[in-house]
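*Asks:* Supplied structure: protein_11.csv, CSV, C-alpha atoms.
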chain,number,residue,atom,x,y,z
A,18,MET,CA,107.4,76.4,109.0
A,19,LYS,CA,108.9,76.7,112.4
A,20,THR,CA,109.6,80.0,114.2
A,21,GLY,CA,113.1,79.1,115.4
A,22,LYS,CA,115.9,81.0,117.1
A,23,HIS,CA,118.4,81.7,114.3
A,24,TRP,CA,116.8,83.8,111.6
A,25,HIS,CA,118.8,86.0,109.3
A,26,MET,CA,117.8,88.4,106.5
A,27,LEU,CA,119.9,87.5,103.5
A,28,THR,CA,120.2,90.3,101.0
A,29,VAL,CA,121.7,89.7,97.6
A,30,VAL,CA,122.1,92.4,94.9
A,31,GLY,CA,123.8,92.5,91.5
A,32,ALA,CA,123.4,92.2,87.8
A,33,ASP,CA,120.4,90.0,86.9
A,34,ARG,CA,120.7,86.8,85.0
A,35,PRO,CA,118.6,83.6,84.9
A,36,GLY,CA,119.1,81.0,87.7
A,37,ILE,CA,120.3,83.2,90.6
A,38,VAL,CA,117.4,82.2,93.0
A,39,ALA,CA,117.8,78.5,92.1
A,40,LYS,CA,121.6,78.6,92.9
A,41,LEU,CA,121.2,80.6,96.1
A,42,THR,CA,118.4,78.4,97.5
A,43,GLU,CA,120.1,75.2,96.4
A,44,ALA,CA,123.1,76.1,98.4
A,45,LEU,CA,121.0,77.0,101.5
A,46,PHE,CA,118.9,73.8,101.2
A,47,ARG,CA,122.0,71.7,100.9
A,48,GLY,CA,123.4,73.5,104.0
A,49,GLY,CA,120.3,72.4,106.0
A,50,CYS,CA,118.7,75.9,106.1
A,51,ASN,CA,115.0,76.6,106.1
A,52,LEU,CA,113.5,79.6,104.2
A,53,GLY,CA,110.9,82.0,105.5
A,54,GLU,CA,109.3,84.8,103.5
A,55,ALA,CA,111.1,86.4,100.6
A,56,SER,CA,110.8,89.2,98.1
A,57,MET,CA,112.7,89.3,94.9
A,58,ALA,CA,112.5,92.2,92.5
A,59,ARG,CA,114.2,93.3,89.4
A,60,LEU,CA,114.9,97.0,89.9
A,61,GLY,CA,116.3,98.9,87.0
A,62,GLY,CA,117.7,95.7,85.6
A,63,ASN,CA,119.4,94.7,88.9
A,64,PHE,CA,118.6,91.5,90.7
A,65,SER,CA,117.6,92.0,94.3
A,66,ILE,CA,116.3,89.6,96.9
A,67,MET,CA,115.6,89.7,100.6
A,68,LEU,CA,115.2,86.3,102.0
A,69,MET,CA,114.5,85.1,105.5
A,70,VAL,CA,116.8,82.2,106.3
A,71,GLU,CA,116.7,80.0,109.4
A,72,GLY,CA,119.6,77.8,110.5
A,73,GLY,CA,123.2,78.5,111.6
A,74,ASP,CA,124.9,81.7,112.5
A,75,ALA,CA,126.0,84.5,110.1
A,76,ALA,CA,129.4,83.0,109.5
A,77,ALA,CA,128.0,79.6,108.7
A,78,LEU,CA,125.4,81.1,106.3
A,79,GLU,CA,128.1,83.2,104.6
A,80,ARG,CA,130.2,80.0,104.1
A,81,LEU,CA,127.2,78.5,102.3
A,82,VAL,CA,126.3,81.4,100.1
A,83,ARG,CA,129.6,83.2,99.4
A,84,PRO,CA,130.7,80.7,96.7
A,85,VAL,CA,127.5,81.2,94.8
A,86,THR,CA,127.5,85.0,95.1
A,87,ASP,CA,131.2,85.3,94.2
A,88,ALA,CA,130.7,83.0,91.2
A,89,LEU,CA,127.8,85.2,90.0
A,90,GLY,CA,129.4,88.5,90.8
A,91,LEU,CA,126.7,89.4,93.4
A,92,ARG,CA,126.9,91.4,96.6
A,93,LEU,CA,125.9,89.6,99.8
A,94,HIS,CA,124.7,91.0,103.1
A,95,LEU,CA,123.4,89.2,106.3
A,96,ASP,CA,121.6,90.6,109.3
A,97,PRO,CA,120.3,88.7,112.3
A,98,ILE,CA,116.6,89.3,112.6
A,99,HIS,CA,113.6,88.3,114.7
A,100,GLY,CA,111.8,85.8,112.6
A,101,GLU,CA,108.1,86.6,113.2
A,102,LEU,CA,106.0,84.4,111.0
A,103,HIS,CA,102.2,83.9,111.1
A,104,ARG,CA,101.5,87.5,112.1
A,105,HIS,CA,100.5,89.2,108.9
A,106,VAL,CA,98.8,92.5,109.1
A,107,GLU,CA,95.9,93.0,106.7
A,108,PRO,CA,96.1,96.2,104.6
A,109,ASN,CA,92.9,98.2,104.5
A,110,VAL,CA,93.9,101.0,102.2
A,111,GLN,CA,95.6,101.1,98.8
A,112,VAL,CA,97.2,104.3,97.5
A,113,THR,CA,98.3,104.8,93.9
A,114,VAL,CA,100.6,107.8,93.2
A,115,TYR,CA,101.8,108.9,89.8
A,116,GLY,CA,103.1,111.9,88.0
A,117,ALA,CA,105.9,113.3,85.8
A,118,ASP,CA,109.1,112.1,87.4
A,119,ARG,CA,110.9,114.5,89.6
A,120,PRO,CA,112.9,114.3,92.9
A,121,GLY,CA,110.8,114.2,96.0
A,122,ILE,CA,107.6,112.3,95.0
A,123,VAL,CA,108.2,109.4,97.4
A,124,ALA,CA,109.3,111.6,100.3
A,125,GLN,CA,106.3,113.9,99.9
A,126,ALA,CA,103.8,111.2,99.4
A,127,THR,CA,105.0,109.0,102.2
A,128,ALA,CA,105.3,111.9,104.6
A,129,ALA,CA,101.7,112.8,104.0
A,130,LEU,CA,100.7,109.1,104.6
A,131,ALA,CA,102.8,109.0,107.8
A,132,ASN,CA,101.0,112.1,109.1
A,133,ALA,CA,97.7,110.2,108.6
A,134,GLY,CA,99.0,107.4,110.8
A,135,PHE,CA,99.4,105.1,107.7
A,136,ASN,CA,101.6,102.0,108.2
A,137,ILE,CA,103.1,101.0,104.8
A,138,LEU,CA,102.9,97.2,104.4
A,139,ASP,CA,103.9,97.0,100.7
A,140,LEU,CA,105.4,99.5,98.4
A,141,ASN,CA,106.5,99.2,94.8
A,142,THR,CA,107.6,101.9,92.5
A,143,ASP,CA,108.4,102.0,88.8
A,144,VAL,CA,109.8,104.5,86.4
A,145,GLY,CA,107.9,104.3,83.1
A,146,GLY,CA,107.3,106.6,80.2
A,147,THR,CA,110.2,107.5,77.9
A,148,PRO,CA,113.7,108.6,78.8
A,149,GLU,CA,112.7,112.1,77.7
A,150,GLN,CA,109.5,112.2,79.7
A,151,PRO,CA,109.8,109.7,82.5
A,152,ILE,CA,106.8,109.1,84.7
A,153,TYR,CA,106.9,107.8,88.3
A,154,ILE,CA,104.4,105.3,89.5
A,155,MET,CA,104.1,104.1,93.1
A,156,LEU,CA,101.7,101.5,94.5
A,157,ILE,CA,101.3,101.4,98.2
A,158,GLU,CA,99.2,99.1,100.5
A,159,GLY,CA,99.0,99.7,104.2
A,160,TYR,CA,96.9,99.9,107.3
A,161,VAL,CA,95.5,103.1,108.7
A,162,ALA,CA,93.2,102.9,111.7
A,163,GLU,CA,91.1,105.8,110.6
A,164,GLY,CA,90.6,104.5,107.1
A,165,VAL,CA,90.3,106.2,103.7
A,166,ALA,CA,88.9,109.5,105.0
A,167,ALA,CA,92.1,110.2,107.1
A,168,VAL,CA,94.3,109.5,104.0
A,169,GLU,CA,92.1,111.7,101.8
A,170,ARG,CA,92.6,114.6,104.2
A,171,ALA,CA,96.3,114.1,104.4
A,172,ILE,CA,97.0,114.1,100.6
A,173,VAL,CA,95.1,117.3,99.7
A,174,SER,CA,98.4,119.3,99.5
A,175,LEU,CA,100.1,116.5,97.5
A,176,ARG,CA,97.4,116.7,94.9
A,177,ALA,CA,97.7,120.5,94.8
A,178,SER,CA,101.4,120.0,93.9
A,179,GLY,CA,100.4,118.2,90.7
A,180,ILE,CA,100.8,114.6,91.8
A,181,GLU,CA,98.0,112.2,91.0
A,182,VAL,CA,96.8,110.2,94.0
A,183,ARG,CA,94.1,107.6,94.2
A,184,VAL,CA,93.0,106.2,97.5
A,185,THR,CA,91.0,103.0,97.6
A,186,ALA,CA,89.6,101.0,100.5
A,187,LEU,CA,90.7,97.4,100.5
A,188,ASP,CA,88.1,95.0,101.8
A,189,THR,CA,89.4,91.5,102.1
A,190,MET,CA,86.7,88.9,101.4
A,191,ILE,CA,87.0,86.1,103.9
A,192,GLY,CA,85.2,83.0,102.8
B,22,MET,CA,73.4,73.5,116.9
B,23,ALA,CA,77.2,73.5,116.9
B,24,VAL,CA,80.2,75.5,115.7
B,25,LEU,CA,82.0,72.8,113.6
B,26,GLU,CA,85.7,72.4,113.2
B,27,VAL,CA,87.0,74.1,110.1
B,28,LEU,CA,89.5,72.1,108.0
B,29,GLN,CA,92.6,74.0,107.3
B,30,TYR,CA,95.0,73.6,104.3
B,31,PRO,CA,97.2,71.5,103.8
B,32,ASP,CA,94.5,69.1,104.8
B,33,PRO,CA,94.0,67.2,101.5
B,34,ARG,CA,90.3,66.8,102.1
B,35,LEU,CA,89.8,70.5,101.0
B,36,LYS,CA,90.9,69.5,97.5
B,37,GLN,CA,88.2,67.0,96.9
B,38,VAL,CA,85.1,67.5,94.8
B,39,SER,CA,81.8,67.5,96.8
B,40,ALA,CA,78.7,65.5,95.8
B,41,PRO,CA,75.3,67.0,95.0
B,42,VAL,CA,72.6,67.1,97.6
B,43,THR,CA,69.8,64.7,96.7
B,44,VAL,CA,67.7,64.5,99.9
B,45,PHE,CA,66.1,67.6,101.3
B,46,ASP,CA,65.4,66.5,104.9
B,47,ALA,CA,65.9,67.3,108.5
B,48,ALA,CA,69.6,66.2,108.3
B,49,LEU,CA,70.2,68.8,105.6
B,50,HIS,CA,68.5,71.4,107.7
B,51,ALA,CA,70.8,70.5,110.6
B,52,ILE,CA,73.9,70.9,108.4
B,53,LEU,CA,72.6,74.3,107.2
B,54,VAL,CA,72.2,75.5,110.8
B,55,ASP,CA,75.6,74.3,111.9
B,56,LEU,CA,77.3,75.7,108.8
B,57,GLU,CA,75.8,79.1,109.4
B,58,GLU,CA,76.7,79.1,113.0
B,59,THR,CA,80.3,78.1,112.1
B,60,MET,CA,80.5,80.9,109.5
B,61,ARG,CA,79.3,83.5,112.0
B,62,ALA,CA,81.9,82.2,114.6
B,63,GLY,CA,84.7,82.8,112.0
B,64,PRO,CA,85.9,86.4,112.5
B,65,GLY,CA,84.9,88.5,109.5
B,66,SER,CA,83.8,85.6,107.5
B,67,VAL,CA,81.0,86.3,104.9
B,68,GLY,CA,80.7,82.8,103.5
B,69,ILE,CA,81.3,79.1,104.1
B,70,ALA,CA,81.1,75.9,102.1
B,71,ALA,CA,80.1,72.5,103.5
B,72,PRO,CA,83.5,70.8,102.6
B,73,GLN,CA,85.3,73.3,104.9
B,74,VAL,CA,83.6,71.5,107.8
B,75,ASN,CA,84.2,68.0,106.5
B,76,HIS,CA,80.8,67.6,104.8
B,77,PHE,CA,81.5,66.8,101.2
B,78,VAL,CA,78.1,68.0,99.8
B,79,ARG,CA,77.4,70.9,97.5
B,80,ILE,CA,76.2,73.5,100.0
B,81,ALA,CA,77.4,77.1,100.4
B,82,ILE,CA,76.2,79.9,102.7
B,83,VAL,CA,77.0,83.5,101.8
B,84,ASP,CA,75.9,86.5,103.9
B,85,VAL,CA,77.6,89.8,103.1
B,86,SER,CA,74.9,91.9,104.8
B,87,SER,CA,77.5,93.1,107.4
B,88,LYS,CA,79.2,95.1,104.7
B,89,PRO,CA,77.6,98.6,104.3
B,90,GLY,CA,76.4,100.0,101.0
B,91,ILE,CA,76.8,97.1,98.7
B,92,LEU,CA,74.3,95.2,96.5
B,93,GLN,CA,73.4,92.0,98.4
B,94,HIS,CA,70.7,89.4,98.9
B,95,GLY,CA,71.0,88.8,102.7
B,96,CYS,CA,71.7,85.4,104.0
B,97,LEU,CA,71.8,82.9,101.2
B,98,ARG,CA,71.7,79.1,101.5
B,99,LEU,CA,72.8,77.8,98.1
B,100,ILE,CA,72.4,74.1,97.5
B,101,ASN,CA,73.8,72.5,94.4
B,102,PRO,CA,74.8,76.0,93.1
B,103,GLU,CA,75.9,76.4,89.5
B,104,ILE,CA,77.3,79.5,87.8
B,105,VAL,CA,75.3,79.7,84.6
B,106,GLN,CA,76.6,83.1,83.4
B,107,ARG,CA,79.6,85.3,84.1
B,108,ALA,CA,80.5,88.8,83.1
B,109,GLY,CA,83.5,91.1,83.6
B,110,GLU,CA,86.7,90.4,85.5
B,111,VAL,CA,87.9,92.2,88.7
B,112,LYS,CA,90.8,91.7,91.1
B,113,GLY,CA,90.1,91.7,94.8
B,114,ARG,CA,91.7,90.5,98.0
B,115,GLU,CA,90.6,87.2,99.5
B,116,GLY,CA,91.2,85.2,102.6
B,117,CYS,CA,89.7,82.0,103.8
B,118,MET,CA,89.0,80.3,107.2
B,119,SER,CA,90.7,77.3,105.7
B,120,VAL,CA,93.9,79.2,104.9
B,121,PRO,CA,94.8,81.2,108.0
B,122,ASP,CA,97.2,84.2,108.0
B,123,TYR,CA,97.4,84.6,104.2
B,124,THR,CA,95.4,86.8,101.9
B,125,GLY,CA,96.0,87.2,98.2
B,126,SER,CA,94.7,89.0,95.1
B,127,VAL,CA,92.2,86.9,93.0
B,128,LEU,CA,90.6,87.6,89.7
B,129,ARG,CA,86.8,86.9,89.7
B,130,ALA,CA,83.9,87.6,87.5
B,131,GLN,CA,82.4,91.0,88.3
B,132,SER,CA,78.9,89.5,88.1
B,133,VAL,CA,77.5,86.0,88.0
B,134,ARG,CA,74.1,84.4,87.5
B,135,VAL,CA,73.7,81.4,89.8
B,136,ARG,CA,71.2,78.7,89.7
B,137,ALA,CA,70.8,76.9,93.1
B,138,GLN,CA,68.2,75.0,95.1
B,139,ASP,CA,66.9,76.3,98.4
B,140,SER,CA,66.6,74.3,101.5
B,141,GLY,CA,63.2,72.9,100.3
B,142,GLY,CA,64.8,71.7,97.0
B,143,GLN,CA,63.2,74.5,94.9
B,144,TRP,CA,65.4,75.8,92.1
B,145,ARG,CA,66.0,79.5,92.1
B,146,GLU,CA,68.2,81.9,90.1
B,147,PHE,CA,70.2,84.9,91.4
B,148,ASP,CA,72.2,87.7,89.9
B,149,PHE,CA,75.2,88.6,92.0
B,150,GLU,CA,77.6,91.5,91.6
B,151,GLY,CA,80.8,92.8,93.0
B,152,TYR,CA,81.7,91.7,96.6
B,153,GLU,CA,78.8,89.3,96.9
B,154,ALA,CA,79.6,87.8,93.5
B,155,ARG,CA,83.2,87.3,94.7
B,156,ALA,CA,82.0,85.5,97.9
B,157,VAL,CA,79.7,83.2,95.9
B,158,GLN,CA,82.4,82.3,93.5
B,159,HIS,CA,84.9,81.6,96.3
B,160,GLU,CA,82.4,79.3,98.1
B,161,ILE,CA,81.4,77.5,94.9
B,162,ASP,CA,85.1,76.9,94.3
B,163,HIS,CA,85.3,75.0,97.6
B,164,LEU,CA,82.6,72.6,96.3
B,165,ASP,CA,85.0,71.7,93.4
B,166,GLY,CA,88.0,71.3,95.6
B,167,LEU,CA,89.5,74.7,94.7
B,168,LEU,CA,90.9,77.2,97.1
B,169,PHE,CA,91.6,80.9,96.4
B,170,LEU,CA,95.3,79.8,96.4
B,171,ASP,CA,94.5,78.1,93.0
B,172,ARG,CA,93.6,81.5,91.6
B,173,VAL,CA,95.9,83.9,93.3
B,174,VAL,CA,97.6,86.5,91.1
B,175,SER,CA,100.7,88.7,91.5
B,176,PRO,CA,100.1,91.7,93.7
B,177,ARG,CA,102.7,93.7,91.9
B,178,HIS,CA,101.3,93.4,88.4
B,179,ASP,CA,97.8,92.9,87.0
B,180,LEU,CA,98.7,89.8,85.0
B,181,PHE,CA,95.6,88.3,83.5
B,182,ARG,CA,96.2,84.6,83.5
B,183,ARG,CA,95.1,82.5,80.6
B,184,LYS,CA,92.5,79.8,81.1
B,185,LEU,CA,91.6,81.2,84.5
B,186,TYR,CA,88.4,79.4,84.9
B,187,ARG,CA,88.0,75.7,84.5
What is this structure when it is put down as structure tokens?
*Replies:*
Amino acid sequence: MKTGKHWHMLTVVGADRPGIVAKLTEALFRGGCNLGEASMARLGGNFSIMLMVEGGDAAALERLVRPVTDALGLRLHLDPIHGELHRHVEPNVQVTVYGADRPGIVAQATAALANAGFNILDLNTDVGGTPEQPIYIMLIEGYVAEGVAAVERAIVSLRASGIEVRVTALDTMIG
Amino acid sequence: MAVLEVLQYPDPRLKQVSAPVTVFDAALHAILVDLEETMRAGPGSVGIAAPQVNHFVRIAIVDVSSKPGILQHGCLRLINPEIVQRAGEVKGREGCMSVPDYTGSVLRAQSVRVRAQDSGGQWREFDFEGYEARAVQHEIDHLDGLLFLDRVVSPRHDLFRRKLYR
């Protein structure tokens, strides 16, 4: 994988169905593009992908992908980015947050983490439970220079508000 | 004594199965010394296997003594190691000197009993747990041409794969 000049972040969103990733990436491959890192998630039944694409300017990329997204009824968005590969930051703390669903959980939890100097590297949330009693579950990984103790101090008030928070040190085994 | 060059994937040599050690002599001792020195030169590395440095023999070194507050046996030189018993399954994050700039979640047995020869050829048995057990399993995998990439699981969901061990 090269770290070249023309990287774009391609975002595609819409109703999910099988084969979207295959059709998108086939069009990009045929157009001579190279892919970087990508994350696809099905969020509330919606397809979503963010995909690093190298090759061509935004107009050229749109010409490649637009026929696919139009045919599948998907929304397409392109942003020029700095394609920084081979510079992963290792997370050292994992935070699990859950509770009865209500507005504000993410804002309160991430504000507490930000106050502790926590840099979020990965965040996923799900709404589980039943429609009558939904529960909100959030899994976060990140890096905080001061480690678990700093995070524990920062989340005391969160816990007091009835949100369950579990903080775990991540220790990557390098062999 | 020398810090040896560490092979990095996609070098196909990392996928080959290593041969048992049959002669316990000065040459073996020299490999052990170089292996340990190479492991200590790798930042944060707590283990190394001979095939990572282009010696396709069944030798692994594990030393997790730098990690505070865990069960551990100090610096282990495991020759012809075999896992004879496993118990439990835990997910943990692993990286590898042979796979730079990538770490992933891997399911490993929580505890393993390992039979291995020491540098004099004497068979010994060890019970490993947790982090040390993870390191031992990671290194023994190298002897069979397996990388942690062969065992990586989804970070988003705790999916327990069928037929995880072979």
*Asks:* Could you tell me which residues of chain B sit within 6 Å of chain A when counting all atoms listed in the file, and give me the result as a list of chain:residue names?
*Replies:*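 Contact residues on the first chain: B:Ser66, B:Val67, B:Gly68, B:Ile69, B:Arg114, B:Glu115, B:Gly116, B:Cys117, B:Asp122.
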*Asks:* Just to confirm, what's the straight-line distance from CA of Gly125 in chain B to CA of Leu138 in chain A in Å (one decimal)?
*Replies:* 13.6 Å
*Asks:* Which of these residues is nearest to Val74 in chain B, using only C-alpha atoms: B:Leu167, B:Ala154, B:Leu53, B:Ala48?
*Replies:*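 Comparing B:Leu167, B:Ala154, B:Leu53, B:Ala48 against Val74 in chain B, the winner is B:Leu53.
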*Asks:* Using only C-alpha atoms, determine which residues lie at most 8 Å from range 56-63 of chain B, disregarding the query and same-chain residues fewer than 5 positions distant; provide the list as a count of residues only.
*Replies:* 12
*Asks:* Excluding Gln106 in chain B and its own-chain neighbours fewer than 2 positions away, which residues fall within 7 Å of it when counting all atoms listed in the file? Please give them as a ChimeraX atom specification.
*Replies:* /B:104,108,133-134
*Asks:* What are the closest atom pairs, with distances in Å to one decimal, for all residues of range 55-85 of chain A lying within 9 Å of range 31-51 of chain A? Consider only C-alpha atoms, order rows by chain and residue number, and present the result as CSV.
*Replies:*
residue,atom,partner,partner_atom,distance
A:Met57,CA,A:Val38,CA,8.7
A:Arg59,CA,A:Asp33,CA,7.5
A:Gly62,CA,A:Asp33,CA,6.4
A:Asn63,CA,A:Ala32,CA,4.8
A:Phe64,CA,A:Asp33,CA,4.5
A:Ser65,CA,A:Gly31,CA,6.8
A:Ile66,CA,A:Val38,CA,8.4
A:Met69,CA,A:Asn51,CA,8.5
A:Val70,CA,A:Asn51,CA,5.9
A:Glu71,CA,A:Asn51,CA,5.0
A:Gly72,CA,A:Cys50,CA,4.9
A:Gly73,CA,A:Cys50,CA,7.6
A:Ala77,CA,A:Gly48,CA,9.0
A:Leu78,CA,A:Leu45,CA,7.7
A:Leu81,CA,A:Ala44,CA,6.1
A:Val82,CA,A:Ala44,CA,6.4
A:Val85,CA,A:Leu41,CA,6.5
*Asks:* Ranking A:Leu27, A:Gly179, A:Ala75, A:Ala126 by minimum distance to Glu54 in chain A and counting all atoms listed in the file, which one comes first?
*Replies:*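 Of the candidates, the smallest distance to Glu54 in chain A is held by A:Leu27.
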*Asks:* Would you mind telling me which residue in B:Gln158, B:Ser119, B:Ser175, B:Asn101 lies nearest to Phe45 in chain B when using only C-alpha atoms?
*Replies:*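 Once distances to Phe45 in chain B are computed over only C-alpha atoms, the minimum belongs to B:Asn101.
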*Asks:* Can you put N, CA and C atoms back into range 43-66 of chain B and show it as a compact mmCIF listing (two decimals), in the coordinates of the input?
*Replies:*
# COMPACT_ATOMS: atom_id res chain seq x y z
N THR B 43 70.93 65.37 97.36
CA THR B 43 69.80 64.70 96.70
C THR B 43 68.57 64.64 97.62
N VAL B 44 68.83 64.67 98.92
CA VAL B 44 67.70 64.50 99.90
C VAL B 44 67.58 65.83 100.67
N PHE B 45 66.39 66.38 100.64
CA PHE B 45 66.10 67.60 101.30
C PHE B 45 65.32 67.35 102.60
N ASP B 46 66.03 67.00 103.68
CA ASP B 46 65.40 66.50 104.90
C ASP B 46 65.86 67.23 106.12
N ALA B 47 65.53 66.71 107.27
CA ALA B 47 65.90 67.30 108.50
C ALA B 47 67.44 67.34 108.72
N ALA B 48 68.11 66.29 108.21
CA ALA B 48 69.60 66.20 108.30
C ALA B 48 70.23 67.37 107.55
N LEU B 49 69.65 67.66 106.37
CA LEU B 49 70.20 68.80 105.60
C LEU B 49 69.97 70.10 106.35
N HIS B 50 68.80 70.23 106.91
CA HIS B 50 68.50 71.40 107.70
C HIS B 50 69.51 71.59 108.84
N ALA B 51 69.84 70.48 109.49
CA ALA B 51 70.80 70.50 110.60
C ALA B 51 72.18 70.97 110.13
N ILE B 52 72.59 70.48 108.97
CA ILE B 52 73.90 70.90 108.40
C ILE B 52 73.87 72.41 108.13
N LEU B 53 72.76 72.87 107.56
CA LEU B 53 72.60 74.30 107.20
C LEU B 53 72.78 75.17 108.49
N VAL B 54 72.14 74.72 109.56
CA VAL B 54 72.20 75.50 110.80
C VAL B 54 73.61 75.53 111.37
N ASP B 55 74.26 74.35 111.38
CA ASP B 55 75.60 74.30 111.90
C ASP B 55 76.61 75.09 111.03
N LEU B 56 76.41 75.00 109.71
CA LEU B 56 77.30 75.70 108.80
C LEU B 56 77.18 77.23 109.04
N GLU B 57 75.94 77.71 109.17
CA GLU B 57 75.80 79.10 109.40
C GLU B 57 76.38 79.57 110.70
N GLU B 58 76.19 78.76 111.71
CA GLU B 58 76.70 79.10 113.00
C GLU B 58 78.28 79.13 112.96
N THR B 59 78.86 78.18 112.23
CA THR B 59 80.30 78.10 112.10
C THR B 59 80.83 79.34 111.33
N MET B 60 80.09 79.72 110.27
CA MET B 60 80.50 80.90 109.50
C MET B 60 80.47 82.15 110.40
N ARG B 61 79.43 82.30 111.20
CA ARG B 61 79.30 83.50 112.00
C ARG B 61 80.36 83.50 113.16
N ALA B 62 80.86 82.32 113.51
CA ALA B 62 81.90 82.20 114.60
C ALA B 62 83.27 82.61 114.01
N GLY B 63 83.43 82.49 112.67
CA GLY B 63 84.70 82.80 112.00
C GLY B 63 84.80 84.34 111.94
N PRO B 64 85.83 84.97 112.50
CA PRO B 64 85.90 86.40 112.50
C PRO B 64 85.89 87.00 111.09
N GLY B 65 84.92 87.85 110.80
CA GLY B 65 84.90 88.50 109.50
C GLY B 65 84.45 87.69 108.34
N SER B 66 84.07 86.45 108.60
CA SER B 66 83.80 85.60 107.50
C SER B 66 82.38 85.88 106.91
